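J.: Please find upload.cif (mmCIF, C-alpha atoms) on the next line:
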```cif
data_structure
loop_
_atom_site.label_atom_id
_atom_site.label_comp_id
_atom_site.auth_asym_id
_atom_site.auth_seq_id
_atom_site.Cartn_x
_atom_site.Cartn_y
_atom_site.Cartn_z
CA MET U 1 20.18 98.84 75.27
CA PRO U 2 17.18 100.22 77.18
CA THR U 3 17.04 103.80 78.37
CA ILE U 4 15.08 104.87 81.42
CA ASN U 5 14.56 108.18 83.16
CA THR U 6 14.49 108.61 86.91
CA ALA U 7 12.86 111.49 88.74
CA ASP U 8 14.17 113.47 91.67
CA LYS U 9 12.69 110.84 93.93
CA LEU U 10 14.63 108.30 95.95
CA GLN U 11 12.58 105.34 94.80
CA TYR U 12 14.30 102.47 93.01
CA GLN U 13 13.23 100.91 89.72
CA PHE U 14 14.50 97.31 89.59
CA PHE U 15 15.95 95.32 86.71
CA PRO U 16 17.35 91.75 86.53
CA ALA U 17 21.13 91.43 86.79
CA THR U 18 22.37 87.86 87.16
CA ASN U 19 25.69 87.85 85.31
CA GLY U 20 27.82 89.21 88.14
CA ILE U 21 28.23 92.61 86.51
CA PHE U 22 26.07 95.62 85.66
CA SER U 23 27.34 98.10 83.06
CA PHE U 24 25.55 101.38 82.54
CA LYS U 25 25.75 105.02 81.47
CA ILE U 26 24.18 107.79 83.48
CA ARG U 27 23.50 111.43 82.67
CA ALA U 28 22.81 113.32 85.89
CA PRO U 29 24.23 116.29 87.81
CA ASN U 30 24.71 114.29 91.02
CA ASP U 31 23.44 111.39 93.13
CA ALA U 32 23.12 108.36 90.89
CA HIS U 33 21.97 105.64 93.29
CA LEU U 34 21.99 101.90 92.66
CA ALA U 35 20.69 99.10 94.88
CA LEU U 36 21.94 95.50 94.67
CA THR U 37 19.35 93.03 95.92
CA SER U 38 18.14 89.45 95.75
CA GLN U 39 14.55 90.48 94.99
CA PRO U 40 13.08 93.42 93.01
CA THR U 41 12.15 95.25 96.21
CA GLU U 42 13.81 97.60 98.68
CA ASN U 43 13.90 94.93 101.38
CA LEU U 44 17.07 93.91 103.19
CA PRO U 45 19.67 92.60 102.66
CA MET U 46 20.77 95.32 100.26
CA TYR U 47 23.90 97.03 99.07
CA GLU U 48 23.63 100.59 97.82
CA VAL U 49 26.12 102.35 95.59
CA PHE U 50 25.92 106.15 95.53
CA ILE U 51 27.87 107.79 92.70
CA GLY U 52 28.40 111.54 92.76
CA GLY U 53 26.75 112.14 96.10
CA TRP U 54 27.32 115.06 98.45
CA GLY U 55 27.12 117.62 95.65
CA ASN U 56 28.94 115.42 93.13
CA THR U 57 32.04 115.21 95.32
CA LYS U 58 32.24 111.60 96.56
CA SER U 59 30.90 108.08 96.06
CA VAL U 60 30.16 105.39 98.64
CA ILE U 61 28.99 101.83 99.16
CA ARG U 62 26.47 101.29 101.96
CA ARG U 63 25.23 97.97 103.40
CA ASN U 64 21.67 97.52 104.61
CA ARG U 65 21.10 101.28 104.64
CA GLN U 66 23.36 101.67 107.63
CA GLN U 67 26.13 104.11 108.31
CA PRO U 68 29.07 104.41 108.40
CA GLU U 69 29.66 103.60 104.74
CA VAL U 70 31.59 100.39 104.07
CA ALA U 71 33.55 102.06 101.24
CA GLU U 72 34.11 105.67 100.23
CA ALA U 73 36.01 107.46 97.45
CA GLN U 74 36.53 111.12 96.67
CA THR U 75 35.14 111.55 93.14
CA PRO U 76 34.74 115.26 92.35
CA LYS U 77 32.69 116.00 89.23
CA ILE U 78 32.31 112.29 88.42
CA LEU U 79 28.83 112.92 86.97
CA ASN U 80 27.70 115.45 84.38
CA ALA U 81 24.22 116.79 83.71
CA ASN U 82 24.94 117.25 79.99
CA GLU U 83 26.71 114.04 79.02
CA TYR U 84 26.54 110.33 79.70
CA ARG U 85 29.26 108.86 81.90
CA GLY U 86 29.84 105.11 81.84
CA PHE U 87 30.40 102.84 84.86
CA TRP U 88 30.35 99.19 85.90
CA ILE U 89 29.56 97.41 89.14
CA ARG U 90 30.84 93.87 89.64
CA TRP U 91 30.10 91.36 92.40
CA TYR U 92 32.51 88.47 92.45
CA ASP U 93 34.54 86.41 94.93
CA GLN U 94 32.87 88.06 97.97
CA THR U 95 33.78 91.50 96.65
CA ILE U 96 31.81 94.39 95.16
CA THR U 97 33.82 96.69 92.90
CA VAL U 98 32.83 99.90 91.12
CA GLY U 99 34.72 101.34 88.16
CA ARG U 100 34.54 103.67 85.21
CA GLU U 101 33.82 102.56 81.67
CA GLY U 102 37.06 101.74 79.86
CA GLU U 103 39.04 101.29 83.08
CA SER U 104 39.75 97.82 84.46
CA THR U 105 40.80 99.13 87.89
CA ALA U 106 37.98 99.89 90.32
CA PHE U 107 37.85 103.24 92.09
CA MET U 108 35.83 101.76 94.96
CA SER U 109 35.48 98.27 96.42
CA PHE U 110 34.11 96.40 99.42
CA ARG U 111 34.85 92.83 100.46
CA ASP U 112 32.07 91.04 102.33
CA PRO U 113 32.68 87.41 103.40
CA GLN U 114 28.88 87.07 103.66
CA LEU U 115 28.03 88.49 100.25
CA PHE U 116 24.47 87.46 99.46
CA PRO U 117 23.23 86.41 95.99
CA ILE U 118 22.54 89.47 93.84
CA SER U 119 19.88 89.12 91.16
CA TYR U 120 18.52 92.66 90.72
CA VAL U 121 19.80 96.21 90.40
CA GLY U 122 17.66 99.18 91.37
CA LEU U 123 18.17 102.64 89.85
CA CYS U 124 17.15 106.04 91.16
CA THR U 125 18.21 109.67 91.51
CA GLY U 126 17.51 112.27 94.16
CA TRP U 127 18.78 115.21 96.16
CA GLY U 128 17.79 117.64 93.41
CA ALA U 129 18.84 115.40 90.50
CA THR U 130 16.98 113.63 87.73
CA GLY U 131 18.76 111.07 85.56
CA SER U 132 18.78 109.32 82.21
CA TRP U 133 20.22 105.78 82.26
CA ILE U 134 21.41 103.46 79.50
CA PHE U 135 22.31 99.94 80.49
CA GLU U 136 22.87 96.47 79.13
CA GLU U 137 19.94 94.11 79.47
CA CYS U 138 20.49 90.96 81.47
CA ALA U 139 21.33 88.32 78.89
CA PRO U 140 23.61 85.30 78.69
CA SER U 141 27.14 86.37 77.86
CA ALA U 142 27.95 83.28 75.86
CA PRO U 143 27.91 83.40 72.06
CA SER U 144 25.58 80.97 70.38
CA MET U 145 27.09 77.53 69.92
CA THR U 146 25.87 77.54 66.32
CA ALA U 147 28.85 79.78 65.62
CA TYR U 148 31.09 76.75 66.08
CA SER U 149 31.27 74.74 62.86
CA ALA U 150 32.52 71.46 64.29
CA PRO U 151 30.13 68.47 64.14
CA GLN U 152 27.49 68.65 66.86
CA MET U 153 26.98 65.81 69.30
CA SER U 154 24.64 65.31 72.23
CA TYR U 155 25.83 66.48 75.60
CA ASN U 156 24.31 65.75 79.00
CA SER U 157 25.31 67.63 82.11
CA PRO U 158 26.06 65.30 85.02
CA PRO U 159 24.37 66.07 88.36
CA GLY U 160 26.21 68.17 90.92
CA PHE U 161 27.28 71.11 88.78
CA ASN U 162 26.78 74.32 90.71
CA PRO U 163 28.06 77.38 88.83
CA ALA U 164 26.58 79.63 91.50
CA ALA U 165 29.38 78.41 93.76
CA MET U 166 31.74 80.26 91.43
CA GLY U 167 29.81 83.50 91.91
CA TYR U 168 28.31 83.46 88.40
CA ALA U 169 24.99 82.50 86.93
CA PRO U 170 24.95 79.27 84.89
CA GLN U 171 25.26 79.60 81.14
CA PRO U 172 22.27 78.41 79.07
CA VAL U 173 22.48 74.78 78.04
CA GLN U 174 22.85 74.34 74.30
CA PRO U 175 24.15 71.50 72.13
CA THR U 176 27.92 71.33 71.90
CA VAL U 177 30.78 69.03 71.11
CA ALA U 178 31.54 66.38 73.71
CA ALA U 179 34.99 64.90 73.89
CA THR U 180 37.42 63.46 76.40
CA VAL U 181 41.11 63.94 76.63
CA ALA U 182 43.49 61.22 77.59
CA TYR U 183 45.55 63.34 79.97
CA PRO U 184 45.15 64.55 82.61
CA THR U 185 42.26 62.44 83.82
CA LEU U 186 39.56 64.20 85.81
CA ASN U 187 37.84 62.40 88.64
CA GLN U 188 34.09 62.27 89.03
CA GLY U 189 32.81 65.70 90.08
CA GLN U 190 35.82 67.54 88.68
CA GLY U 191 34.07 68.15 85.36
CA ASN U 192 35.24 67.59 81.80
CA TRP U 193 37.03 69.45 79.02
CA VAL U 194 34.92 70.46 76.03
CA PRO U 195 36.48 71.49 72.69
CA ALA U 196 35.49 74.89 71.28
CA ALA U 197 36.89 77.63 69.05
CA ASN U 198 36.76 81.33 68.15
CA GLY U 199 35.50 82.60 71.52
CA VAL U 200 32.61 80.16 71.87
CA ILE U 201 31.68 79.30 75.48
CA PRO U 202 30.28 75.77 75.92
CA PRO U 203 27.36 75.23 78.32
CA ASN U 204 28.19 75.18 82.04
CA ALA U 205 31.67 76.59 81.48
CA VAL U 206 33.57 77.41 84.67
CA SER U 207 33.97 81.15 85.16
CA GLY U 208 37.42 81.93 86.47
CA GLY U 209 38.00 85.67 86.38
CA MET U 210 37.29 89.11 84.99
CA ASP U 211 39.02 91.58 82.69
CA GLY U 212 37.24 94.91 82.80
CA ASN U 213 33.62 94.12 81.95
CA ASP U 214 34.45 90.72 80.46
CA GLN U 215 34.15 87.36 82.17
CA LEU U 216 37.05 84.98 81.69
CA TYR U 217 36.67 81.20 81.67
CA VAL U 218 38.94 78.30 82.58
CA ALA U 219 40.37 76.89 79.37
CA ARG U 220 43.48 75.22 78.00
CA ALA U 221 45.29 74.81 74.70
CA ARG U 222 48.08 72.72 73.25
CA HIS U 223 51.24 74.76 72.84
CA GLY U 224 54.21 72.85 71.52
CA SER U 225 54.49 69.68 73.58
CA ASP U 226 52.64 71.21 76.57
CA LEU U 227 48.92 71.23 77.35
CA VAL U 228 48.64 74.59 79.10
CA PRO U 229 45.80 75.98 81.28
CA GLY U 230 44.90 79.58 80.59
CA LYS U 231 42.06 82.04 80.14
CA LEU U 232 39.28 82.00 77.56
CA HIS U 233 38.59 85.63 76.63
CA PRO U 234 35.33 85.37 74.62
CA THR U 235 35.36 88.91 73.27
CA HIS U 236 38.88 88.34 71.90
CA GLY U 237 37.77 85.07 70.30
CA CYS U 238 40.57 82.98 71.75
CA CYS U 239 42.19 81.26 74.71
CA TYR U 240 45.41 82.82 76.01
CA VAL U 241 48.05 80.59 77.58
CA PRO U 242 51.36 81.49 79.26
CA TYR U 243 54.49 79.88 77.87
CA GLY U 244 58.14 80.80 77.40
CA GLY U 245 57.79 84.30 78.81
CA GLU U 246 54.97 85.28 76.44
CA GLU U 247 51.19 85.30 76.19
CA HIS U 248 50.03 83.06 73.32
CA PRO U 249 46.53 83.23 71.74
CA HIS U 250 44.88 80.04 70.46
CA LYS U 251 41.70 80.03 68.40
CA GLU U 252 41.09 76.35 69.19
CA TYR U 253 40.98 75.28 72.83
CA GLU U 254 39.15 73.25 75.47
CA VAL U 255 36.96 74.68 78.23
CA LEU U 256 36.43 73.21 81.70
CA CYS U 257 32.72 72.50 82.11
CA ASN U 258 30.41 70.91 84.67
CA SER U 259 32.94 71.28 87.44
CA TYR U 260 31.74 71.63 91.00
CA GLY U 261 34.53 73.49 92.77
CA ASN U 262 35.96 76.68 94.16
CA TRP U 263 39.15 78.70 94.50
CA VAL U 264 41.40 78.49 97.56
CA PRO U 265 44.61 80.37 98.40
CA TYR U 266 47.75 78.36 97.68
CA SER U 267 49.52 77.60 100.96
CA GLY U 268 52.68 75.86 99.73
CA ASN U 269 51.18 72.41 99.24
CA ILE U 270 49.04 71.18 96.37
CA PRO U 271 45.53 70.48 97.71
CA GLN U 272 44.54 66.84 97.40
CA ASN U 273 41.46 67.83 95.41
CA ALA U 274 43.25 70.28 93.09
CA VAL U 275 41.87 69.91 89.57
CA PRO U 276 44.56 69.07 86.99
CA GLY U 277 44.49 71.38 84.01
CA GLY U 278 47.19 70.04 81.70
CA SER U 279 50.75 68.83 81.54
CA ALA U 280 54.23 70.03 80.71
CA GLY U 281 56.16 68.38 77.89
CA ASN U 282 57.96 66.14 80.40
CA GLY U 283 54.66 64.85 81.78
CA GLU U 284 54.56 67.00 84.93
CA PRO U 285 50.94 67.91 85.79
CA LEU U 286 49.94 71.56 85.54
CA TYR U 287 47.13 72.87 87.71
CA ILE U 288 44.62 75.70 87.32
CA GLY U 289 45.55 78.90 89.15
CA ARG U 290 44.48 82.51 89.08
CA VAL U 291 45.93 85.84 90.18
CA HIS U 292 44.45 89.21 91.12
CA HIS U 293 46.55 91.57 89.03
CA ASN U 294 46.11 95.17 87.95
CA GLY U 295 42.34 95.19 88.44
CA THR U 296 41.83 91.84 86.71
CA ILE U 297 41.38 88.28 87.91
CA THR U 298 43.36 86.23 85.43
CA VAL U 299 43.47 82.45 85.00
CA GLY U 300 46.74 80.69 84.29
CA LYS U 301 48.84 77.62 85.09
CA PHE U 302 50.36 76.50 88.35
CA HIS U 303 53.66 74.78 87.59
CA PRO U 304 54.53 72.85 90.80
CA SER U 305 58.24 72.35 90.11
CA HIS U 306 58.60 76.12 89.55
CA GLY U 307 56.50 77.05 92.59
CA ASN U 308 54.73 79.82 90.69
CA CYS U 309 51.41 80.52 89.04
CA PHE U 310 52.04 81.86 85.55
CA ILE U 311 49.37 84.00 83.90
CA PRO U 312 49.04 85.36 80.36
CA TYR U 313 48.74 89.13 80.60
CA ALA U 314 49.41 92.05 78.25
CA GLY U 315 51.46 89.91 75.87
CA LYS U 316 53.67 88.45 78.59
CA GLU U 317 53.91 85.41 80.82
CA MET U 318 53.98 86.70 84.39
CA ALA U 319 54.92 84.68 87.49
CA PHE U 320 53.34 85.06 90.94
CA LYS U 321 53.97 83.43 94.31
CA ASP U 322 50.61 84.48 95.75
CA PHE U 323 47.65 82.98 93.92
CA GLU U 324 44.55 80.83 94.17
CA ILE U 325 44.23 77.25 92.96
CA TYR U 326 41.07 75.62 91.67
CA VAL U 327 39.86 72.60 93.66
CA SER U 328 36.89 70.27 93.42
CA GLN U 329 34.43 69.89 96.28
#
```
Here is a file; write its structure as structure tokens.

T.:
Amino acid sequence: MPTINTADKLQYQFFPATNGIFSFKIRAPNDAHLALTSQPTENLPMYEVFIGGWGNTKSVIRRNRQQPEVAEAQTPKILNANEYRGFWIRWYDQTITVGREGESTAFMSFRDPQLFPISYVGLCTGWGATGSWIFEECAPSAPSMTAYSAPQMSYNSPPGFNPAAMGYAPQPVQPTVAATVAYPTLNQGQGNWVPAANGVIPPNAVSGGMDGNDQLYVARARHGSDLVPGKLHPTHGCCYVPYGGEEHPHKEYEVLCNSYGNWVPYSGNIPQNAVPGGSAGNGEPLYIGRVHHNGTITVGKFHPSHGNCFIPYAGKEMAFKDFEIYVSQ
């Protein structure tokens, strides 16, 4: 991970950041400033995140360099001149969140229905402070497909896939296994299910949520007689599905890819363009849902006859009435 030093000078140094999250460590006595922009310049539009400002007593989010701040948190002694402190900033689903390393719950957030595309992060220090920064370089988060030992076949992405609509950058296209499943059938534009294993993310996988610093993807796995939608957690090397009151890990799974869609709040009726994600043992379709829970955005199954979205979380199957459902455009 690169290390840079910033002077006591409020002038940003810009670095690419296209994965929807920027993780970093900063050693500074106060006033670690970050700018989120579309271009590597200080032009508007811009979000600014100030950590440890006002004498290392509070942190804020500012939009387009205007006051009042759009978010503010009391954070006494959050920075330290003698040790690195870790943080993350995430932009996802029209929301910017800021949190500490090792904590999934943000200490500061701002929802903006007109969130602009963020491609760069600027770093600087000021107000009497210099800083030393360590951060992760912008790189694809997907493991190499060569880690998957199944036979390789050609795979062509159909037109219309737009991962940016999900709030994430597209994954690099690499060879992978192409396969179709008999049920449920996806219509044109809804994408296709691609087999994978051991945490591998196929090209153009649909990003569905976050857990701390980790992106989660829409996946499914066979559990008993059910084909259950759930979350692919790449760093855990498996897909988790909810079933029978428990969270079940599966090393082999299928990932939704090349799907052109978005997430909408469930209003009591199944949207006509809801994307089917699997089926219960009795043949009832299961749909793809997700829930904002305990600082995470977790993908699971919507079971229509139960009226709930069930997610796999912390070893359990948890049921929610309020959730989002994945639909095609």

J.: Pick the closest to Phe107 in chain U from U:Ala129, U:Ile51, U:Ile311, U:Ile134: which is it, counting all atoms listed in the file?

T.: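 Ranked by minimum distance to Phe107 in chain U, first place goes to U:Ile51.
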
J.: I need the residue set behind the PyMOL selection byres ((chain U and resi 221-228) around 6) for this file; please write it as a list in words.

T.: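 Selection result, ordered by chain and number: Arg220, Pro229, Tyr253, Gly278, Ser279, Ala280 and Gly281 of chain U.
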
J.: For the selection just defined, write its residues with C-alpha atoms to a file, as a PDB file, keeping the file's coordinate frame.

T.:
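Written file, result_25.pdb:
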```
ATOM      1  CA  ARG U 220      43.480  75.220  78.000  1.00  0.00           C
ATOM      2  CA  PRO U 229      45.800  75.980  81.280  1.00  0.00           C
ATOM      3  CA  TYR U 253      40.980  75.280  72.830  1.00  0.00           C
ATOM      4  CA  GLY U 278      47.190  70.040  81.700  1.00  0.00           C
ATOM      5  CA  SER U 279      50.750  68.830  81.540  1.00  0.00           C
ATOM      6  CA  ALA U 280      54.230  70.030  80.710  1.00  0.00           C
ATOM      7  CA  GLY U 281      56.160  68.380  77.890  1.00  0.00           C
TER       8      GLY U 281
END
```

J.: Please provide the set of residues having any atom within 9 Å of Phe14 in chain U, restricted to all atoms listed in the file, with same-chain residues fewer than 3 positions apart removed, written as a list of chain:residue names.

T.: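 Counting only the stated atoms, we get U:Ala35, U:Gln39, U:Pro40, U:Thr41, U:Tyr120, U:Val121, U:Gly122, U:Leu123.
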
J.: For Asp322 in chain U, work out the shell of residues within 12 Å, counting only C-alpha atoms and skipping chain neighbours fewer than 6 positions away, then give it as JSON, numbers by chain.

T.: {"U": [264, 265, 266, 267, 268, 289, 290, 291, 292, 293, 302, 307, 308, 309, 310, 311]}

J.: Any idea what's packed within 7 Å of Pro117 in chain U, counting all atoms listed in the file, ignoring anything in its chain fewer than 2 positions away? Could you give it as an MDAnalysis selection string?

T.: chainID U and resid 38 115 119

J.: Would you kindly translate the PyMOL selection byres ((chain U and resi 65) around 8) into the concrete residues it picks from this file, as a list of chain:residue names?

T.: U:Met46, U:Tyr47, U:Glu48, U:Arg62, U:Arg63, U:Asn64, U:Gln66, U:Gln67

J.: So what does the PyMOL selection byres ((chain U and resi 250) around 9) actually pick up in this one, as a ChimeraX atom specification?

T.: /U:197-198,221-223,237-241,248-249,251-253

J.: Between U:Phe110, U:Phe135, U:Tyr84, U:Phe50, single out the one closest to Pro16 in chain U, counting only C-alpha atoms.

T.: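 Smallest distance to Pro16 in chain U is found for U:Phe135.
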
J.: Rank nothing, just name the residue among U:Gln215, U:Tyr12, U:Thr3, U:Ile21 nearest to Asn43 in chain U, using only C-alpha atoms.

T.: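 Of U:Gln215, U:Tyr12, U:Thr3, U:Ile21, the one nearest Asn43 in chain U is U:Tyr12, counting only C-alpha atoms.
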
J.: Could I get range 48-68 of chain U from the block written as a compact mmCIF listing (two decimals), in the first residue's frame, with C-alpha atoms?

T.:
```txt
# COMPACT_ATOMS: atom_id res chain seq x y z
CA GLU U 48 -15.32 16.93 1.63
CA VAL U 49 -14.81 14.81 4.71
CA PHE U 50 -12.97 16.46 7.59
CA ILE U 51 -11.79 14.06 10.31
CA GLY U 52 -10.53 15.47 13.59
CA GLY U 53 -11.23 19.10 12.79
CA TRP U 54 -11.75 21.93 15.25
CA GLY U 55 -8.78 20.91 17.38
CA ASN U 56 -9.40 17.18 16.96
CA THR U 57 -12.87 17.41 18.49
CA LYS U 58 -15.34 16.76 15.66
CA SER U 59 -15.71 15.48 12.10
CA VAL U 60 -18.00 16.69 9.32
CA ILE U 61 -19.11 16.10 5.74
CA ARG U 62 -19.40 19.20 3.55
CA ARG U 63 -20.94 19.48 0.07
CA ASN U 64 -19.54 21.83 -2.56
CA ARG U 65 -17.53 23.72 0.07
CA GLN U 66 -20.67 25.22 1.50
CA GLN U 67 -21.83 25.55 5.07
CA PRO U 68 -23.68 24.43 7.07
```
